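Student: Take a look at this one; I'll ask things after.
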Amino acid sequence: MNRQTRPPAPDAFARREPPWDTGLSREDVLLRLRHGAHNAPPKTPTRTAGRIVRENLCTLFNLINLALAALILSVGDLRNILFLGVALSNTVIGIFQELRAKRSIDRLSILTASKVTVVREGSTLQIPQEELVLDDIMVLTAGSQICADGVVVRAEGVEADESLLTGEARPVVKDAGDTVLSGSFVVAGRAFARVTAVSATSFAGRLITEAHRGRRARSELMRSLRWLVRVLTVVILPVGALLFASDYAWGGLPFADAVLSTASAMIGMIPEGLILLTGITFAVGALRLARRRTLVQSMPCMETLARVDVLCLDKTGTITDGTLTLADVLPQGDAEQADAETALAALAWTLQDEGPTGRALRARLTRDPGWQAERRVAFSSARKWSGCSFAGRGTYVLGAPTFVLPGLSGAPAREAETLAAEALRVLLLAHTDAPLDGDAPPAGLRPVALVTMTDSVRSEAPATLSFFAKQGVAVKVISGDHPVTVSQVARRAGVAGAERCVDMSAQPEDAVTPALAEEFVVFGRVSPHQKKALVEALQQNGRVVAMTGDGVNDVPALTQADCGVAMAAGSDAARHAADVVLLDSNFEAMIHVVREGRRVVNNIERVASLYLVKTIYSTLLSLLFILLPLPYPFHPIQLSPISALTVGIPSFFLAFRPTYRRIRGRFTETVLRLSVPTALCIVANILLTHAAGRWLGLTFSQTSTVSVLMAGVFGFFVLRQAARPLDTAKRTMLALLFAAFAACFAWFGFFFSYAPLLGRPAFVWGALAVLAWPMHRVCGGAVQRLRRAWARRRRAALR
């Protein structure tokens with residue numbers, strides 16, 4: 001079941017409050033499922049198989065190709081529809097690759113789906129979250145995430161961690177009648193809660209819906225390609241119609257020749273494989289990341305991450321792994337270090353606390369002293385301490401200093417304050433001979449030791465942050481914790497400028513300005529609204545921002561960022577809102593995401609220049625030959641070797657090569673800088689060829705063959721440029737393709753309608769070939785000078 005549903009009508013069915021130990025009946029569940037009152041999951045990150053096939057087949061360019069093939073068939077020329085086979089082959093390959101990538105990504109999406117425990121008809125069972133319905137009784141135990149809003153109907157010492165909602169790492173005690181919200185976690189005890197809101201009507205669902213409203217994928221590459229398609233859509237049909245009229249109605253060509261001439265021009269203007277290859281490259285990139293346990297939920301985000309220059313991180317779950325490490329045990333007064341550590345070990349192993357503090361103590365103090373406990377009080381977020389009374393050894397209490405000994409003063413108090421200022425978590429171990437009695441600390445407590453804890457920095461975090469620093473990506477740490485604590489953790493992880501921190505709770509709500517966002521590196525006590533405002537402020541500075549997070553409170557910022565990255569170990573809401581999900585919650589995977597994005601963008605820039613050379617020179621020639629009293633210089637069959645050997649085959653080879661250089665400049669400018677000079681050279685050479693042909697008395701077939709040769713030579717020029725840096729594989733590819741191109745003339749000239757290059761045609765081709773490289777350099781220099789002049793004018797206008 002993977003469908004989106006609307007909230008049920010208020011009177012669709014009668015609401016129930018079933019007993020906590022019985023739950024809903026099967027009929028109640030089916031009734032709610034029929035009316036859509038279930039926890040419908042978000043849409044899958046991939047398109048359906050039918051949509052992939054439809055969008056690859058039903059395109060404007062495919063429709064034009066089919067129409068041209070039908071016209072050519074109508075004049076009885078079968079050879080000239082070879083282009084249709086190439087176009088269909090490209091489409092089939094694209095569909096296959098995208099379906100292959102879809103299967104892998106969908107499998108990963110299923111793996112990230114969570115289950116929930118419910119009570120139905122008196123039995124406890126686990127079900128997928130999407131089958132949870134209104135009025136179900138959820139069983140909430142320590143460690144489980146609450147996936148829908150509800151009200152507690154039975155509580156057994158339950159505490160909920162709502163830090164993913166509020167940013168405050170303080171568990172909240174929940175009693176019968178209290179509300180629990182989707183996105184929070186149960187950290188202690190057990191509870192039975194009746195579901196009151198599901199899917200888009202739940203707290204997390206509303207937050208995701210609101211955050212996604214109006215959001216658009218940010219991809220310069222896709223915007224540029226869509227612009228190209230719009231321009232060609234406006235140009236190609238009128239130009240084709242005018243060219244046909246020029247040849248047939250005004251030029252007096254036979255109908256069959258006019259059809260072939262017009263078809264050649266229109267086929268040349270269509271970059272038939274570029275849009276397709278772009279989709280394939282993104283799909284294969286997503287597939288490669290899936291193999292690295294990284295789920296891409298928005299294809300354009302790979303390009304965005306490749307262009308990111310600011311990375312905003314949350315401390316918990318990103319820089320740190322959410323665990324604590326015992327840093328030191330500092331005896332107080334006349335207490336001995338060994339005695340203090342033994343007492344700590346006894347507390348840790350007796351209480352068996354599964355919180356971060358208990359686990360950190362047992363990880364360091366591995367030996368259980370075996371003291372016999374007479375009374376024990378477990379840790380509670382309300383009392384802030386835990387303790388045990390041991391037979392013959394008195395009572396030991398461990399907790400926050402101000403809660404264990406409210407009147408703590410002197411050297412222990414000063415030392416605790418100093419340690420807290422160094423971003424250490426400070427606990428006080430105290431002892432008394434009095435037994436535990438109730439929830440208040442026993443009388444007569446005296447300090448034994450100060451116990452310090454540190455957040456555990458992920459082992460891979462320093463290397464990952466170093467990678468981003470070397471790549472010129474600024475790092476901002478945004479957290480709901482105390483700014484000094486966050487600053488110290490960031491410093492340990494290697495964040496440059498971590499000492500520049502600010503307490504956002506002391507700032508007015510409207511104080512988040514672009515200047516503030518740039519000035520500081522660490523932002524502490526940040527509200528969810530301020531997180532989003534900080535991302536917006538950085539974007540106002542022209543920055544491309546990536547945001548990582550794991551909580552419901554991170555959702556607005558994740559969706560505001562140019563690219564949102566979530567940890568799989570975090571909340572469902574964060575995973576659904578993000579563009580990328582790190583399934584192993586491994587921050588190091590960000591390096592692979594950025595590198596894959598760069599590979600995708602760099603390679604599409606490579607191949608786009610190949611396609612656009614043909615599109616540009618075909619468009620210019622079409623416009624020129626509407627005015628000239630000459631037929632278009634090519635037939636469709638003659639263009640096939642050029643399209644296949646200088647564009648189609650090498651583009652598939654180059655699109656998947658490893659190339660991880662930093663993205664510089666805008667996509668359109670980068671591509672046109674290489675393609676425009678070559679296209680202008682081809683147009684100039686073809687015009688010179690026709691002028692020389694008329695002077696020397698060459699036939700149309702001879703001038704057409706020379707034109708094809710020159711277009712092919714310049715095609716190999718731009719292919720060599722796009723393939724740089726050259727290695728053995730690329731040199732071998734270029735040699736084989738050029739040999740195949742030469743073979744088309746030497747042995748298959750008749751099939752491709754090429755005339756023998758003997759006598760005068762050979763002289764014309766030789767002369768133009770000698771001029772080819774100087775002409776390319778001259779045209780390229782002219783384009784570069786125009787581009788620089790335009791850039792200077794644009795900078796002057798901005799000033």
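Residues in the structure tokens are numbered from 1 in each chain, the chains being A, B, ... in the order shown, and ligands are numbered from 1 in the order shown.
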What are the closest atom pairs, with distances in Å to one decimal, for all residues of stretch 489-598 of chain A lying within 7 Å of stretch 297-321 of chain A? Consider only C-alpha atoms, order rows by chain and residue number, and present the result as JSON lines.
Tutor:
```
{"residue": "A:Arg543", "atom": "CA", "partner": "A:Asp309", "partner_atom": "CA", "distance": 6.3}
{"residue": "A:Val544", "atom": "CA", "partner": "A:Val308", "partner_atom": "CA", "distance": 4.8}
{"residue": "A:Val545", "atom": "CA", "partner": "A:Val310", "partner_atom": "CA", "distance": 4.9}
{"residue": "A:Ala546", "atom": "CA", "partner": "A:Leu311", "partner_atom": "CA", "distance": 4.9}
{"residue": "A:Met547", "atom": "CA", "partner": "A:Cys312", "partner_atom": "CA", "distance": 4.7}
{"residue": "A:Thr548", "atom": "CA", "partner": "A:Leu313", "partner_atom": "CA", "distance": 5.2}
{"residue": "A:Gly549", "atom": "CA", "partner": "A:Asp314", "partner_atom": "CA", "distance": 5.7}
{"residue": "A:Asp550", "atom": "CA", "partner": "A:Gly317", "partner_atom": "CA", "distance": 6.8}
{"residue": "A:Asp562", "atom": "CA", "partner": "A:Thr304", "partner_atom": "CA", "distance": 6.7}
{"residue": "A:Cys563", "atom": "CA", "partner": "A:Cys301", "partner_atom": "CA", "distance": 5.9}
{"residue": "A:Asp579", "atom": "CA", "partner": "A:Gln297", "partner_atom": "CA", "distance": 4.9}
{"residue": "A:Val580", "atom": "CA", "partner": "A:Gln297", "partner_atom": "CA", "distance": 5.7}
{"residue": "A:Phe587", "atom": "CA", "partner": "A:Thr318", "partner_atom": "CA", "distance": 6.2}
{"residue": "A:Val593", "atom": "CA", "partner": "A:Met302", "partner_atom": "CA", "distance": 6.9}
{"residue": "A:Val594", "atom": "CA", "partner": "A:Ala306", "partner_atom": "CA", "distance": 5.1}
{"residue": "A:Gly597", "atom": "CA", "partner": "A:Met302", "partner_atom": "CA", "distance": 4.4}
{"residue": "A:Arg598", "atom": "CA", "partner": "A:Ala306", "partner_atom": "CA", "distance": 5.0}
```
Student: Would you save the residues from that selection as a PDB file, in the first residue's frame, using N, CA and C atoms?
Tutor:
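File again-v6.pdb, as written:
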```
ATOM      1  N   ARG A 543      24.455  32.250  -1.658  1.00  0.00           N
ATOM      2  CA  ARG A 543      25.062  30.952  -1.338  1.00  0.00           C
ATOM      3  C   ARG A 543      24.168  29.802  -1.797  1.00  0.00           C
ATOM      4  N   VAL A 544      24.812  28.677  -2.126  1.00  0.00           N
ATOM      5  CA  VAL A 544      24.092  27.427  -2.380  1.00  0.00           C
ATOM      6  C   VAL A 544      24.239  26.586  -1.111  1.00  0.00           C
ATOM      7  N   VAL A 545      23.121  26.319  -0.443  1.00  0.00           N
ATOM      8  CA  VAL A 545      23.144  25.796   0.924  1.00  0.00           C
ATOM      9  C   VAL A 545      22.645  24.353   0.975  1.00  0.00           C
ATOM     10  N   ALA A 546      23.425  23.502   1.639  1.00  0.00           N
ATOM     11  CA  ALA A 546      22.974  22.152   1.984  1.00  0.00           C
ATOM     12  C   ALA A 546      22.777  22.100   3.488  1.00  0.00           C
ATOM     13  N   MET A 547      21.717  21.421   3.932  1.00  0.00           N
ATOM     14  CA  MET A 547      21.379  21.342   5.353  1.00  0.00           C
ATOM     15  C   MET A 547      21.241  19.876   5.747  1.00  0.00           C
ATOM     16  N   THR A 548      21.909  19.486   6.833  1.00  0.00           N
ATOM     17  CA  THR A 548      21.729  18.138   7.358  1.00  0.00           C
ATOM     18  C   THR A 548      20.923  18.213   8.647  1.00  0.00           C
ATOM     19  N   GLY A 549      20.130  17.190   8.901  1.00  0.00           N
ATOM     20  CA  GLY A 549      19.324  17.149  10.120  1.00  0.00           C
ATOM     21  C   GLY A 549      18.722  15.779  10.305  1.00  0.00           C
ATOM     22  N   ASP A 550      18.191  15.551  11.503  1.00  0.00           N
ATOM     23  CA  ASP A 550      17.582  14.245  11.777  1.00  0.00           C
ATOM     24  C   ASP A 550      16.269  14.357  12.534  1.00  0.00           C
ATOM     25  N   ASP A 562      18.811  24.406  -0.393  1.00  0.00           N
ATOM     26  CA  ASP A 562      18.908  23.967  -1.785  1.00  0.00           C
ATOM     27  C   ASP A 562      18.978  22.449  -1.865  1.00  0.00           C
ATOM     28  N   CYS A 563      19.539  21.826  -0.829  1.00  0.00           N
ATOM     29  CA  CYS A 563      19.560  20.362  -0.755  1.00  0.00           C
ATOM     30  C   CYS A 563      19.496  19.954   0.709  1.00  0.00           C
ATOM     31  N   ASP A 579      16.140  15.561   0.561  1.00  0.00           N
ATOM     32  CA  ASP A 579      16.434  15.140  -0.807  1.00  0.00           C
ATOM     33  C   ASP A 579      17.313  13.896  -0.822  1.00  0.00           C
ATOM     34  N   VAL A 580      18.164  13.771   0.201  1.00  0.00           N
ATOM     35  CA  VAL A 580      19.093  12.645   0.303  1.00  0.00           C
ATOM     36  C   VAL A 580      18.982  12.061   1.703  1.00  0.00           C
ATOM     37  N   PHE A 587      28.081  10.105   8.137  1.00  0.00           N
ATOM     38  CA  PHE A 587      28.338  11.436   7.604  1.00  0.00           C
ATOM     39  C   PHE A 587      29.360  11.394   6.473  1.00  0.00           C
ATOM     40  N   VAL A 593      28.444  11.567  -2.140  1.00  0.00           N
ATOM     41  CA  VAL A 593      27.322  12.264  -2.783  1.00  0.00           C
ATOM     42  C   VAL A 593      27.840  13.458  -3.587  1.00  0.00           C
ATOM     43  N   VAL A 594      28.736  14.238  -2.993  1.00  0.00           N
ATOM     44  CA  VAL A 594      29.283  15.410  -3.680  1.00  0.00           C
ATOM     45  C   VAL A 594      30.086  14.980  -4.909  1.00  0.00           C
ATOM     46  N   GLY A 597      27.779  13.862  -7.635  1.00  0.00           N
ATOM     47  CA  GLY A 597      27.150  15.027  -8.252  1.00  0.00           C
ATOM     48  C   GLY A 597      28.086  15.723  -9.216  1.00  0.00           C
ATOM     49  N   ARG A 598      29.347  15.850  -8.843  1.00  0.00           N
ATOM     50  CA  ARG A 598      30.318  16.476  -9.736  1.00  0.00           C
ATOM     51  C   ARG A 598      30.533  15.622 -10.993  1.00  0.00           C
TER      52      ARG A 598
END
```
Student: Got a sec: who's within 9 Å of stretch 246-263 of chain A, counting only C-alpha atoms, leaving out chain neighbours fewer than 3 positions off, as a PyMOL selection string?
Tutor: chain A and resi 65+68-69+71-72+74-77+80+240-243+266-268+622+625-636
Student: So which residues touch A:Ile146 within 7 Å, counting only C-alpha atoms, skipping near sequence neighbours fewer than 4 positions away, as a short mmCIF file (atom, residue, chain, number, x, y, z; two decimals) with all heavy atoms, in the first residue's frame?
Tutor:
```
data_model
loop_
_atom_site.label_atom_id
_atom_site.label_comp_id
_atom_site.auth_asym_id
_atom_site.auth_seq_id
_atom_site.Cartn_x
_atom_site.Cartn_y
_atom_site.Cartn_z
N LEU A 181 3.23 13.28 20.38
CA LEU A 181 3.26 13.80 19.02
C LEU A 181 4.16 12.95 18.13
O LEU A 181 5.19 12.44 18.58
CB LEU A 181 3.76 15.24 19.00
CG LEU A 181 2.88 16.27 19.74
CD1 LEU A 181 3.55 17.63 19.72
CD2 LEU A 181 1.49 16.34 19.11
N SER A 182 3.77 12.83 16.89
CA SER A 182 4.58 12.09 15.92
C SER A 182 5.93 12.77 15.78
O SER A 182 6.03 13.99 15.72
CB SER A 182 3.87 12.04 14.58
OG SER A 182 3.46 13.33 14.17
N GLY A 183 6.98 11.94 15.70
CA GLY A 183 8.34 12.45 15.58
C GLY A 183 9.13 12.39 16.87
O GLY A 183 10.34 12.52 16.85
N SER A 184 8.46 12.15 18.02
CA SER A 184 9.18 12.01 19.28
C SER A 184 9.51 10.54 19.54
O SER A 184 8.99 9.65 18.89
CB SER A 184 8.36 12.61 20.42
OG SER A 184 7.07 12.01 20.48
N PHE A 185 10.40 10.32 20.51
CA PHE A 185 10.84 8.98 20.85
C PHE A 185 10.50 8.66 22.31
O PHE A 185 10.46 9.56 23.16
CB PHE A 185 12.36 8.83 20.69
CG PHE A 185 12.82 8.72 19.27
CD1 PHE A 185 13.04 9.84 18.51
CD2 PHE A 185 13.03 7.47 18.69
CE1 PHE A 185 13.48 9.75 17.19
CE2 PHE A 185 13.47 7.36 17.39
CZ PHE A 185 13.69 8.49 16.64
#
```
Student: Would you mind writing down, as a VMD selection string, each residue of stretch 458-578 of chain A that DSSP on the backbone assigns to strand (DSSP E)?
Tutor: chain A and resid 474 to 478 501 to 503 522 to 524 545 to 549 563 to 567
Student: Write the selection just made, keeping all heavy atoms, as a compact mmCIF listing (two decimals), in the first residue's frame?
Tutor:
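Once written, part_3.txt looks like this:
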```
# COMPACT_ATOMS: atom_id res chain seq x y z
N ALA A 474 32.09 26.32 3.07
CA ALA A 474 32.01 26.81 4.45
C ALA A 474 31.06 25.94 5.25
O ALA A 474 30.04 25.48 4.75
CB ALA A 474 31.52 28.26 4.46
N VAL A 475 31.41 25.70 6.53
CA VAL A 475 30.60 24.85 7.40
C VAL A 475 30.00 25.71 8.51
O VAL A 475 30.70 26.49 9.16
CB VAL A 475 31.45 23.72 8.02
CG1 VAL A 475 30.64 22.93 9.04
CG2 VAL A 475 31.96 22.78 6.93
N LYS A 476 28.69 25.60 8.69
CA LYS A 476 27.98 26.27 9.77
C LYS A 476 27.32 25.20 10.63
O LYS A 476 26.69 24.28 10.11
CB LYS A 476 26.89 27.21 9.22
CG LYS A 476 27.38 28.23 8.20
CD LYS A 476 28.10 29.39 8.83
CE LYS A 476 28.46 30.44 7.79
NZ LYS A 476 29.17 31.60 8.40
N VAL A 477 27.50 25.30 11.95
CA VAL A 477 26.90 24.35 12.88
C VAL A 477 25.71 25.01 13.54
O VAL A 477 25.85 26.04 14.21
CB VAL A 477 27.91 23.87 13.93
CG1 VAL A 477 27.29 22.79 14.82
CG2 VAL A 477 29.17 23.31 13.25
N ILE A 478 24.52 24.43 13.36
CA ILE A 478 23.28 25.00 13.88
C ILE A 478 22.65 23.97 14.80
O ILE A 478 22.33 22.86 14.38
CB ILE A 478 22.31 25.34 12.72
CG1 ILE A 478 22.99 26.32 11.74
CG2 ILE A 478 21.02 25.93 13.24
CD1 ILE A 478 22.18 26.61 10.50
N CYS A 501 30.85 31.86 17.97
CA CYS A 501 29.54 31.29 18.27
C CYS A 501 28.60 32.37 18.80
O CYS A 501 29.04 33.40 19.30
CB CYS A 501 29.66 30.15 19.29
SG CYS A 501 30.36 30.63 20.88
N VAL A 502 27.30 32.09 18.69
CA VAL A 502 26.29 33.04 19.14
C VAL A 502 25.12 32.27 19.74
O VAL A 502 24.76 31.19 19.25
CB VAL A 502 25.82 33.94 17.96
CG1 VAL A 502 25.23 33.11 16.84
CG2 VAL A 502 24.83 34.99 18.43
N ASP A 503 24.54 32.84 20.80
CA ASP A 503 23.35 32.26 21.44
C ASP A 503 22.12 32.88 20.78
O ASP A 503 21.81 34.04 21.00
CB ASP A 503 23.38 32.56 22.94
CG ASP A 503 22.25 31.85 23.69
OD1 ASP A 503 21.30 31.38 23.03
OD2 ASP A 503 22.32 31.76 24.93
N VAL A 522 29.12 29.01 14.57
CA VAL A 522 28.33 28.14 15.45
C VAL A 522 27.14 28.93 15.97
O VAL A 522 27.29 30.03 16.51
CB VAL A 522 29.18 27.61 16.62
CG1 VAL A 522 28.32 26.85 17.62
CG2 VAL A 522 30.30 26.71 16.10
N PHE A 523 25.95 28.34 15.83
CA PHE A 523 24.71 28.96 16.29
C PHE A 523 24.06 28.01 17.30
O PHE A 523 23.69 26.89 16.95
CB PHE A 523 23.76 29.21 15.12
CG PHE A 523 24.35 30.09 14.04
CD1 PHE A 523 25.15 29.54 13.05
CD2 PHE A 523 24.11 31.45 14.03
CE1 PHE A 523 25.69 30.34 12.06
CE2 PHE A 523 24.65 32.26 13.05
CZ PHE A 523 25.45 31.71 12.06
N GLY A 524 23.97 28.47 18.56
CA GLY A 524 23.40 27.62 19.62
C GLY A 524 22.03 28.08 20.03
O GLY A 524 21.63 29.22 19.78
N VAL A 545 23.12 26.32 -0.44
CA VAL A 545 23.14 25.80 0.92
C VAL A 545 22.64 24.35 0.97
O VAL A 545 21.58 24.03 0.43
CB VAL A 545 22.27 26.67 1.86
CG1 VAL A 545 22.36 26.17 3.30
CG2 VAL A 545 22.70 28.12 1.78
N ALA A 546 23.43 23.50 1.64
CA ALA A 546 22.97 22.15 1.98
C ALA A 546 22.78 22.10 3.49
O ALA A 546 23.55 22.69 4.25
CB ALA A 546 23.99 21.10 1.56
N MET A 547 21.72 21.42 3.93
CA MET A 547 21.38 21.34 5.35
C MET A 547 21.24 19.88 5.75
O MET A 547 20.57 19.11 5.06
CB MET A 547 20.06 22.08 5.61
CG MET A 547 19.52 21.93 7.03
SD MET A 547 20.40 22.97 8.21
CE MET A 547 19.81 22.30 9.78
N THR A 548 21.91 19.49 6.83
CA THR A 548 21.73 18.14 7.36
C THR A 548 20.92 18.21 8.65
O THR A 548 21.02 19.19 9.40
CB THR A 548 23.08 17.45 7.65
OG1 THR A 548 23.71 18.10 8.75
CG2 THR A 548 23.99 17.50 6.43
N GLY A 549 20.13 17.19 8.90
CA GLY A 549 19.32 17.15 10.12
C GLY A 549 18.72 15.78 10.31
O GLY A 549 18.72 14.96 9.39
N CYS A 563 19.54 21.83 -0.83
CA CYS A 563 19.56 20.36 -0.76
C CYS A 563 19.50 19.95 0.71
O CYS A 563 20.31 20.41 1.52
CB CYS A 563 20.82 19.80 -1.40
SG CYS A 563 20.88 17.99 -1.43
N GLY A 564 18.50 19.13 1.06
CA GLY A 564 18.35 18.65 2.43
C GLY A 564 18.87 17.23 2.55
O GLY A 564 18.57 16.38 1.71
N VAL A 565 19.64 16.97 3.60
CA VAL A 565 20.23 15.65 3.83
C VAL A 565 19.82 15.18 5.22
O VAL A 565 20.00 15.89 6.21
CB VAL A 565 21.78 15.69 3.74
CG1 VAL A 565 22.37 14.31 3.95
CG2 VAL A 565 22.21 16.26 2.40
N ALA A 566 19.23 13.98 5.30
CA ALA A 566 18.75 13.44 6.58
C ALA A 566 19.47 12.14 6.90
O ALA A 566 19.92 11.41 6.01
CB ALA A 566 17.24 13.21 6.53
N MET A 567 19.59 11.87 8.21
CA MET A 567 20.13 10.60 8.68
C MET A 567 18.99 9.61 8.85
O MET A 567 17.93 9.95 9.40
CB MET A 567 20.86 10.79 10.02
CG MET A 567 21.96 11.84 9.99
SD MET A 567 23.32 11.33 8.97
CE MET A 567 24.38 12.77 9.06
```
Student: Could I get the residues of stretch 422-478 of chain A with an atom no further than 9 Å from an atom of stretch 400-418 of chain A, each paired with its nearest atom pair and that distance in Å to one decimal, using only C-alpha atoms, sorted by chain and residue number, as JSON lines?
Tutor:
```
{"residue": "A:Glu422", "atom": "CA", "partner": "A:Thr418", "partner_atom": "CA", "distance": 6.7}
{"residue": "A:Val426", "atom": "CA", "partner": "A:Ala416", "partner_atom": "CA", "distance": 6.5}
{"residue": "A:Leu427", "atom": "CA", "partner": "A:Ala400", "partner_atom": "CA", "distance": 5.0}
{"residue": "A:Leu428", "atom": "CA", "partner": "A:Pro401", "partner_atom": "CA", "distance": 5.0}
{"residue": "A:Leu429", "atom": "CA", "partner": "A:Val404", "partner_atom": "CA", "distance": 8.3}
{"residue": "A:Ala430", "atom": "CA", "partner": "A:Val404", "partner_atom": "CA", "distance": 7.6}
{"residue": "A:Pro441", "atom": "CA", "partner": "A:Val404", "partner_atom": "CA", "distance": 6.4}
{"residue": "A:Leu445", "atom": "CA", "partner": "A:Leu405", "partner_atom": "CA", "distance": 7.3}
{"residue": "A:Arg446", "atom": "CA", "partner": "A:Leu405", "partner_atom": "CA", "distance": 8.1}
{"residue": "A:Pro447", "atom": "CA", "partner": "A:Pro412", "partner_atom": "CA", "distance": 7.7}
{"residue": "A:Ala449", "atom": "CA", "partner": "A:Pro412", "partner_atom": "CA", "distance": 8.6}
{"residue": "A:Leu450", "atom": "CA", "partner": "A:Ala416", "partner_atom": "CA", "distance": 7.3}
```
Student: How would the residues just picked look written out with C-alpha atoms as an mmCIF file, in the first residue's frame?
Tutor:
```
data_model
loop_
_atom_site.group_PDB
_atom_site.id
_atom_site.type_symbol
_atom_site.label_atom_id
_atom_site.label_comp_id
_atom_site.auth_asym_id
_atom_site.auth_seq_id
_atom_site.Cartn_x
_atom_site.Cartn_y
_atom_site.Cartn_z
ATOM 1 C CA GLU A 422 34.560 23.844 28.672
ATOM 2 C CA VAL A 426 29.202 17.528 34.645
ATOM 3 C CA LEU A 427 27.638 15.084 37.137
ATOM 4 C CA LEU A 428 28.128 14.916 40.880
ATOM 5 C CA LEU A 429 28.675 11.643 42.760
ATOM 6 C CA ALA A 430 27.679 12.070 46.401
ATOM 7 C CA PRO A 441 17.790 13.125 47.784
ATOM 8 C CA LEU A 445 25.023 13.905 51.191
ATOM 9 C CA ARG A 446 28.638 15.008 50.692
ATOM 10 C CA PRO A 447 30.562 15.292 47.401
ATOM 11 C CA ALA A 449 33.658 13.143 42.804
ATOM 12 C CA LEU A 450 32.774 15.248 39.811
#
```
Student: Let me make sure I understand: among A:Ala517, A:Leu78, A:Leu237, A:Val296, which one has the smallest atom-to-atom distance to A:Gln530 if we use only C-alpha atoms?
Tutor: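 Going through A:Ala517, A:Leu78, A:Leu237, A:Val296 one by one, the smallest distance to A:Gln530 is for A:Ala517.
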Student: Write out as a ChimeraX atom specification the residues lying within 9 Å of stretch 322-325 of chain A, counting only C-alpha atoms and excluding same-chain residues fewer than 5 positions away.
Tutor: /A:316-317,356-357,359-361,363-364,452-457
Student: Give me, as a PDB file with C-alpha atoms, in the first residue's frame, all polymer residues having an atom no more than 8 Å from A:Ser675, counting only C-alpha atoms and skipping those fewer than 6 positions away in the same chain.
Tutor:
```pdb
ATOM      1  CA  SER A 609      28.685  20.577 -26.046  1.00  0.00           C
ATOM      2  CA  LEU A 610      28.757  17.675 -28.536  1.00  0.00           C
ATOM      3  CA  LEU A 612      24.756  21.549 -29.221  1.00  0.00           C
ATOM      4  CA  VAL A 613      27.390  21.876 -31.940  1.00  0.00           C
ATOM      5  CA  VAL A 718      35.093  19.377 -30.230  1.00  0.00           C
TER       6      VAL A 718
END
```
Student: Output as a ChimeraX atom specification all residues of stretch 461-661 of chain A that backbone DSSP marks as helix (DSSP H, G or I).
Tutor: /A:461-470,483-493,504-506,514-519,528-540,552-560,572-577,589-627,636-654
Student: Residues at most 12 Å from A:Ala434, counting only C-alpha atoms, excluding those fewer than 3 positions away in the same chain, as a list in words?
Tutor: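 Neighbouring residues, sequence-local ones excluded: Arg375, Gly387, Cys388, Ser389, Phe390, Ala391, Gly392, Arg393, Gly394, Thr395, Tyr396, Val397, Ala430, His431, Asp437, Pro441, Pro442, Ala443, Gly444, Leu445 and Arg446 of chain A.
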